[in-house]
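Asks: Enclosed is the structure file upload_2.pdb (PDB, C-alpha atoms).
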```pdb
ATOM      1  CA  MET A   1      69.414 154.076-151.885
ATOM      2  CA  SER A   2      73.092 153.621-150.945
ATOM      3  CA  VAL A   3      74.305 152.224-147.643
ATOM      4  CA  PHE A   4      75.651 155.689-146.757
ATOM      5  CA  SER A   5      72.197 157.247-147.294
ATOM      6  CA  VAL A   6      70.637 154.622-145.044
ATOM      7  CA  PHE A   7      73.276 155.230-142.408
ATOM      8  CA  ALA A   8      72.852 159.022-142.618
ATOM      9  CA  HIS A   9      69.089 158.571-142.194
ATOM     10  CA  LEU A  10      69.687 156.403-139.103
ATOM     11  CA  VAL A  11      71.954 159.041-137.541
ATOM     12  CA  GLU A  12      69.406 161.770-138.282
ATOM     13  CA  ARG A  13      66.559 159.768-136.700
ATOM     14  CA  LEU A  14      68.621 159.078-133.572
ATOM     15  CA  ALA A  15      69.500 162.783-133.412
ATOM     16  CA  ASP A  16      65.806 163.706-133.644
ATOM     17  CA  LEU A  17      65.068 161.443-130.674
ATOM     18  CA  LEU A  18      67.869 163.003-128.614
ATOM     19  CA  ALA A  19      67.240 166.625-129.623
ATOM     20  CA  PRO A  20      64.960 167.466-126.646
ATOM     21  CA  LEU A  21      67.767 166.501-124.271
ATOM     22  CA  CYS A  22      70.932 167.380-126.204
ATOM     23  CA  HIS A  23      69.748 170.306-128.356
ATOM     24  CA  GLY A  24      72.548 171.441-130.717
ATOM     25  CA  SER A  25      74.763 168.484-129.856
ATOM     26  CA  ALA A  26      72.048 165.902-130.609
ATOM     27  CA  THR A  27      73.873 164.475-133.636
ATOM     28  CA  ALA A  28      77.046 164.024-131.591
ATOM     29  CA  ALA A  29      74.976 162.261-128.929
ATOM     30  CA  ALA A  30      73.421 160.097-131.668
ATOM     31  CA  ILE A  31      76.904 158.974-132.732
ATOM     32  CA  VAL A  32      77.741 158.023-129.144
ATOM     33  CA  LEU A  33      74.444 156.101-128.892
ATOM     34  CA  PHE A  34      75.088 154.394-132.238
ATOM     35  CA  THR A  35      78.536 153.350-131.008
ATOM     36  CA  ALA A  36      77.021 151.892-127.841
ATOM     37  CA  LEU A  37      74.520 149.922-129.931
ATOM     38  CA  VAL A  38      77.323 148.519-132.091
ATOM     39  CA  ARG A  39      79.268 147.493-128.990
ATOM     40  CA  LEU A  40      76.162 145.811-127.549
ATOM     41  CA  LEU A  41      75.811 143.798-130.753
ATOM     42  CA  VAL A  42      79.405 142.521-130.594
ATOM     43  CA  HIS A  43      79.371 142.018-126.813
ATOM     44  CA  PRO A  44      78.618 138.265-127.125
ATOM     45  CA  LEU A  45      81.802 137.926-129.191
ATOM     46  CA  SER A  46      83.720 139.874-126.550
ATOM     47  CA  ARG A  47      82.471 137.435-123.914
ATOM     48  CA  ALA A  48      83.526 134.535-126.140
ATOM     49  CA  ALA A  49      86.967 136.141-126.553
ATOM     50  CA  ALA A  50      87.309 136.390-122.769
ATOM     51  CA  ARG A  51      86.425 132.703-122.392
ATOM     52  CA  GLY A  52      88.948 131.931-125.125
ATOM     53  CA  GLN A  53      91.711 133.788-123.303
ATOM     54  CA  ARG A  54      90.991 131.884-120.093
ATOM     55  CA  ALA A  55      91.024 128.626-122.062
ATOM     56  CA  ARG A  56      94.365 129.518-123.646
ATOM     57  CA  ALA A  57      95.750 130.347-120.222
ATOM     58  CA  ALA A  58      94.677 126.926-118.944
ATOM     59  CA  LEU A  59      96.593 125.287-121.815
ATOM     60  CA  GLN A  60      99.920 126.903-120.902
ATOM     61  CA  PRO A  61     101.341 123.890-118.990
ATOM     62  CA  ARG A  62     100.616 121.626-121.971
ATOM     63  CA  ILE A  63     102.082 124.185-124.380
ATOM     64  CA  ALA A  64     105.243 124.315-122.261
ATOM     65  CA  GLU A  65     105.472 120.506-122.505
ATOM     66  CA  LEU A  66     105.099 120.663-126.290
ATOM     67  CA  ARG A  67     107.816 123.303-126.525
ATOM     68  CA  LYS A  68     110.154 121.208-124.406
ATOM     69  CA  ARG A  69     109.374 118.040-126.378
ATOM     70  CA  HIS A  70     110.012 119.599-129.789
ATOM     71  CA  GLY A  71     113.021 121.671-128.771
ATOM     72  CA  LYS A  72     114.361 123.529-131.809
ATOM     73  CA  ASP A  73     111.900 121.876-134.172
ATOM     74  CA  GLN A  74     109.712 124.946-134.635
ATOM     75  CA  GLU A  75     107.681 123.431-137.450
ATOM     76  CA  GLY A  76     106.848 120.381-135.353
ATOM     77  CA  PHE A  77     105.951 122.609-132.404
ATOM     78  CA  ARG A  78     103.614 124.765-134.485
ATOM     79  CA  LYS A  79     101.899 121.681-135.914
ATOM     80  CA  ALA A  80     101.441 120.150-132.463
ATOM     81  CA  LEU A  81     100.191 123.485-131.146
ATOM     82  CA  LEU A  82      97.550 123.775-133.856
ATOM     83  CA  GLU A  83      96.453 120.211-133.145
ATOM     84  CA  LEU A  84      96.131 121.059-129.440
ATOM     85  CA  HIS A  85      94.034 124.133-130.217
ATOM     86  CA  THR A  86      91.830 122.083-132.541
ATOM     87  CA  GLU A  87      91.437 119.317-129.973
ATOM     88  CA  GLU A  88      90.464 121.764-127.222
ATOM     89  CA  LYS A  89      88.380 123.924-129.627
ATOM     90  CA  VAL A  90      90.404 127.026-128.783
ATOM     91  CA  SER A  91      91.207 129.672-131.380
ATOM     92  CA  PRO A  92      94.276 131.855-130.747
ATOM     93  CA  LEU A  93      92.740 134.552-132.970
ATOM     94  CA  SER A  94      89.260 134.742-131.423
ATOM     95  CA  GLY A  95      90.158 137.907-129.507
ATOM     96  CA  ILE A  96      90.421 140.019-132.662
ATOM     97  CA  LEU A  97      86.898 139.301-133.975
ATOM     98  CA  PRO A  98      85.111 142.010-131.919
ATOM     99  CA  SER A  99      87.535 144.650-133.230
ATOM    100  CA  LEU A 100      87.239 143.484-136.835
ATOM    101  CA  LEU A 101      83.445 143.583-136.771
ATOM    102  CA  GLN A 102      83.482 147.203-135.558
ATOM    103  CA  LEU A 103      85.578 148.446-138.475
ATOM    104  CA  PRO A 104      82.664 148.800-140.966
ATOM    105  CA  ALA A 105      80.799 151.108-138.557
ATOM    106  CA  PHE A 106      83.905 153.273-138.093
ATOM    107  CA  PHE A 107      84.509 153.555-141.834
ATOM    108  CA  LEU A 108      80.844 154.433-142.428
ATOM    109  CA  LEU A 109      81.168 157.345-140.007
ATOM    110  CA  TYR A 110      84.509 158.376-141.460
ATOM    111  CA  HIS A 111      83.147 158.427-145.002
ATOM    112  CA  LEU A 112      79.866 160.090-144.039
ATOM    113  CA  PHE A 113      81.587 163.017-142.305
ATOM    114  CA  SER A 114      84.400 163.297-144.863
ATOM    115  CA  SER A 115      82.069 163.672-147.851
ATOM    116  CA  THR A 116      81.288 167.334-148.587
ATOM    117  CA  SER A 117      78.805 166.811-151.420
ATOM    118  CA  GLY A 118      75.349 167.848-150.219
ATOM    119  CA  ASN A 119      76.009 166.580-146.702
ATOM    120  CA  ALA A 120      73.812 168.439-144.226
ATOM    121  CA  LEU A 121      75.308 166.508-141.310
ATOM    122  CA  LEU A 122      78.528 168.506-141.641
ATOM    123  CA  ASP A 123      76.705 171.523-140.208
ATOM    124  CA  HIS A 124      76.069 169.721-136.925
ATOM    125  CA  ARG A 125      78.360 170.303-133.965
ATOM    126  CA  LEU A 126      79.534 169.071-130.607
ATOM    127  CA  LEU A 127      79.341 172.355-128.675
ATOM    128  CA  ALA A 128      81.603 174.652-130.748
ATOM    129  CA  ALA A 129      83.303 171.932-132.812
ATOM    130  CA  PRO A 130      81.853 170.875-136.210
ATOM    131  CA  LEU A 131      81.450 167.102-136.555
ATOM    132  CA  GLY A 132      83.086 167.167-139.975
ATOM    133  CA  GLY A 133      86.117 169.117-138.730
ATOM    134  CA  ARG A 134      89.480 167.916-137.522
ATOM    135  CA  TRP A 135      91.869 169.008-134.771
ATOM    136  CA  ALA A 136      93.935 170.978-137.305
ATOM    137  CA  ASP A 137      90.805 172.949-138.212
ATOM    138  CA  ALA A 138      90.137 173.657-134.531
ATOM    139  CA  LEU A 139      93.692 174.918-134.049
ATOM    140  CA  ALA A 140      93.478 177.113-137.142
ATOM    141  CA  GLY A 141      90.055 178.479-136.216
ATOM    142  CA  GLY A 142      90.435 179.404-132.568
ATOM    143  CA  GLY A 143      93.685 177.958-131.286
ATOM    144  CA  LEU A 144      94.343 175.329-128.649
ATOM    145  CA  PHE A 145      92.004 176.917-126.096
ATOM    146  CA  GLY A 146      89.349 178.123-128.511
ATOM    147  CA  GLY A 147      85.824 176.705-128.403
ATOM    148  CA  ALA A 148      86.545 173.783-130.728
ATOM    149  CA  GLY A 149      90.051 173.332-129.326
ATOM    150  CA  VAL A 150      88.702 172.776-125.816
ATOM    151  CA  VAL A 151      86.388 170.018-127.121
ATOM    152  CA  TYR A 152      89.437 168.217-128.474
ATOM    153  CA  LEU A 153      91.384 168.765-125.261
ATOM    154  CA  VAL A 154      88.582 167.053-123.326
ATOM    155  CA  LEU A 155      88.597 164.117-125.783
ATOM    156  CA  PHE A 156      92.396 163.838-125.562
ATOM    157  CA  ALA A 157      92.230 163.849-121.755
ATOM    158  CA  LEU A 158      89.576 161.120-121.777
ATOM    159  CA  VAL A 159      91.541 158.940-124.195
ATOM    160  CA  ALA A 160      94.776 159.442-122.233
ATOM    161  CA  GLY A 161      92.977 158.481-119.020
ATOM    162  CA  VAL A 162      91.500 155.328-120.579
ATOM    163  CA  ALA A 163      94.852 154.381-122.136
ATOM    164  CA  THR A 164      96.636 154.803-118.802
ATOM    165  CA  PHE A 165      93.954 152.729-117.076
ATOM    166  CA  ASN A 166      94.369 149.952-119.674
ATOM    167  CA  TYR A 167      98.148 149.991-119.359
ATOM    168  CA  LEU A 168      98.192 149.877-115.548
ATOM    169  CA  ARG A 169      95.457 147.247-115.421
ATOM    170  CA  THR A 170      97.257 144.957-117.886
ATOM    171  CA  LYS A 171     100.572 145.402-116.090
ATOM    172  CA  ASN A 172      98.983 144.663-112.708
ATOM    173  CA  GLN A 173      97.086 141.662-114.096
ATOM    174  CA  MET A 174     100.250 140.079-115.470
ATOM    175  CA  ALA A 175     102.111 140.709-112.217
ATOM    176  CA  GLN A 176      99.388 139.104-110.091
ATOM    177  CA  ASN A 177      98.386 136.246-112.395
ATOM    178  CA  PRO A 178     101.332 134.383-113.975
ATOM    179  CA  VAL A 179      98.986 132.093-115.897
ATOM    180  CA  MET A 180      97.278 134.990-117.665
ATOM    181  CA  ALA A 181     100.663 136.602-118.231
ATOM    182  CA  ALA A 182     101.813 133.422-119.914
ATOM    183  CA  ALA A 183      98.750 133.443-122.124
ATOM    184  CA  GLY A 184      99.575 136.937-123.292
ATOM    185  CA  GLY A 185     103.278 136.396-123.646
ATOM    186  CA  GLU A 186     103.683 132.946-125.174
ATOM    187  CA  GLU A 187     103.897 132.736-128.944
ATOM    188  CA  GLN A 188     100.961 130.412-129.489
ATOM    189  CA  VAL A 189     101.122 131.337-133.154
ATOM    190  CA  PRO A 190     104.110 133.026-134.843
ATOM    191  CA  GLY A 191     104.225 136.718-133.974
ATOM    192  CA  LEU A 192     101.318 136.640-131.518
ATOM    193  CA  GLY A 193     103.609 136.928-128.516
ATOM    194  CA  ALA A 194     105.147 140.136-129.851
ATOM    195  CA  VAL A 195     101.672 141.573-130.427
ATOM    196  CA  GLY A 196     100.704 140.689-126.859
ATOM    197  CA  LYS A 197     103.676 142.629-125.507
ATOM    198  CA  VAL A 198     102.754 145.849-127.298
ATOM    199  CA  MET A 199      98.986 145.589-126.788
ATOM    200  CA  PRO A 200      99.011 147.607-123.508
ATOM    201  CA  PHE A 201     100.474 150.560-125.426
ATOM    202  CA  LEU A 202      98.074 150.475-128.393
ATOM    203  CA  SER A 203      95.415 152.487-126.549
ATOM    204  CA  PHE A 204      97.775 155.482-126.630
ATOM    205  CA  LEU A 205      97.671 155.377-130.447
ATOM    206  CA  THR A 206      94.006 156.342-130.165
ATOM    207  CA  LEU A 207      95.261 159.860-129.426
ATOM    208  CA  VAL A 208      96.629 160.016-132.972
ATOM    209  CA  SER A 209      93.333 158.770-134.423
ATOM    210  CA  VAL A 210      91.345 161.414-132.551
ATOM    211  CA  ALA A 211      93.676 164.110-133.861
ATOM    212  CA  VAL A 212      93.482 163.212-137.562
ATOM    213  CA  VAL A 213      89.982 161.843-138.288
ATOM    214  CA  PRO A 214      86.758 163.906-138.502
ATOM    215  CA  LEU A 215      85.294 164.681-135.090
ATOM    216  CA  ALA A 216      82.329 162.349-135.727
ATOM    217  CA  ALA A 217      84.689 159.399-136.276
ATOM    218  CA  ALA A 218      86.757 160.541-133.280
ATOM    219  CA  LEU A 219      83.632 160.323-131.116
ATOM    220  CA  TYR A 220      83.150 156.751-132.275
ATOM    221  CA  VAL A 221      86.762 155.919-131.417
ATOM    222  CA  VAL A 222      86.622 157.558-127.980
ATOM    223  CA  THR A 223      83.295 155.937-127.073
ATOM    224  CA  SER A 224      84.375 152.511-128.284
ATOM    225  CA  THR A 225      87.745 152.734-126.507
ATOM    226  CA  THR A 226      86.075 153.727-123.245
ATOM    227  CA  TRP A 227      83.529 150.929-123.632
ATOM    228  CA  SER A 228      86.352 148.437-124.242
ATOM    229  CA  ALA A 229      88.165 149.504-121.084
ATOM    230  CA  VAL A 230      85.059 149.013-118.928
ATOM    231  CA  GLU A 231      84.086 145.798-120.698
ATOM    232  CA  ARG A 232      87.517 144.225-120.351
ATOM    233  CA  ALA A 233      87.730 145.222-116.682
ATOM    234  CA  ALA A 234      84.459 143.345-116.120
ATOM    235  CA  LEU A 235      85.135 140.306-118.323
ATOM    236  CA  TYR A 236      88.765 139.771-117.318
ATOM    237  CA  ARG A 237      88.492 140.631-113.650
ATOM    238  CA  GLN A 238      90.283 138.407-111.165
ATOM    239  CA  PRO A 239      88.066 135.607-109.766
TER     240      PRO A 239
END
```
Would you mind writing the structure in this file as C-alpha cells?
Replies:
Amino acid sequence: MSVFSVFAHLVERLADLLAPLCHGSATAAAIVLFTALVRLLVHPLSRAAARGQRARAALQPRIAELRKRHGKDQEGFRKALLELHTEEKVSPLSGILPSLLQLPAFFLLYHLFSSTSGNALLDHRLLAAPLGGRWADALAGGGLFGGAGVVYLVLFALVAGVATFNYLRTKNQMAQNPVMAAAGGEEQVPGLGAVGKVMPFLSFLTLVSVAVVPLAAALYVVTSTTWSAVERAALYRQP
C-alpha cells in the first residue's frame, strides 16, 4: 500500500467521524482537522524557534561589537559570528524548521487531490466547491459570485485578513521593541537580514497559493496560515 493510499484512508476515516456534524463538507472539515493535528505535532519546534529568536535578540549587543571589531573583514565577522552562535547554542536557522516539516503534508494533499485516476475524494465538496477544483474552475463554472466562487471569496478574505494582521503586528513589534527589530534586521548569516525584511509581506503570497492549488490544498494553506498567526501572536507576545 502506497503512502498516498494510507493518507487517503486517513482522510476518509476523519471524514466519517465528522460526517454527523459536517454532512457534505465532512471531507473538507477532515482536512482542516488534519492540518490542526500537523500543527500540534510541530508546535514544540515552534516554541523552540520562539526561544531561539529571543536568544538571538539578546545577542545583538555582542554581535554589534563583533561587527565593529572586524570592520570590513566580512569573512572574519562571519567566522566570529558562527563561533558566537555555537558557544551560545543558538541556531540562526531554527525558525524555518516548523515550516519545512509541514511541507510533506501539503504535498500529500496536493498530490492526492490532483490525481484523477480512480480518486473518489475528488467528488467531495466544501459547500458548492469541489475539493479537487481550482479557482479558475470556479470562475468558469459559475463566475465570481457563483456557489464555488463565493467559497473562494471567503477564503481570500480570510487570508487577506490574516496577512494584514501579520504585517501590522510585525511592524508594531519592531517599532516597540528595538531589540527584536535588531534580531530580525541584522544579517546574522549572509542574506538572512534581507529575508527578515520581506517576511511581513510573505503572508500575502498565500493569496496566490489559494488561487492556483486544488481547494483541498488551499484549505491546508489557509488553516495553517491562520494557525501560524495565532501561534506567533501567543509565542512572541510582549512580556
Asks: Write out as a count of residues only which residues come within 10 Å of Ala48 of chain A when counting all atoms listed in the file, dropping same-chain ones fewer than 4 positions away.
Replies: 10
Asks: Give me the result of the PyMOL selection byres ((chain A and resi 13-19) around 12) on this file, residue by residue, as a list in words.
Replies: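 That expression, the PyMOL selection byres ((chain A and resi 13-19) around 12), corresponds here to Val6, Phe7, Ala8, His9, Leu10, Val11, Glu12, Pro20, Leu21, Cys22, His23, Gly24, Ser25, Ala26, Thr27, Ala28, Ala29, Ala30, Ile31, Val32, Leu33, Phe34, Thr35, Leu37, Leu121, His124 and Arg125 of chain A.
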Asks: Go through the shown structure with the PyMOL selection byres ((chain A and resi 77) around 12) and write out the matching residues as a list in words.
Replies: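 Checking the PyMOL selection byres ((chain A and resi 77) around 12) against this file, the residues are Arg62, Ile63, Ala64, Glu65, Leu66, Arg67, Lys68, Arg69, His70, Gly71, Lys72, Asp73, Gln74, Glu75, Gly76, Arg78, Lys79, Ala80, Leu81, Leu82, Glu83, Leu84, Glu187, Gln188, Val189 and Pro190 of chain A.
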Asks: For Leu41 of chain A, which residue out of A:Gln60, A:Gln102, A:Thr226, A:Ser209 is the nearest one, using only C-alpha atoms?
Replies: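 Nearest candidate to Leu41 of chain A out of A:Gln60, A:Gln102, A:Thr226, A:Ser209: A:Gln102.
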Asks: Would you compute the distance between atom CA of Arg134 of chain A and atom CA of Ala211 of chain A? Give it in Å to one decimal.
Replies: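 A separation of 6.7 Å between them.
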Asks: To one decimal place, how far is atom CA of Leu40 of chain A from atom CA of Trp227 of chain A in Å?
Replies: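 Calculated distance between atom CA of Leu40 of chain A and atom CA of Trp227 of chain A is 9.8 Å.
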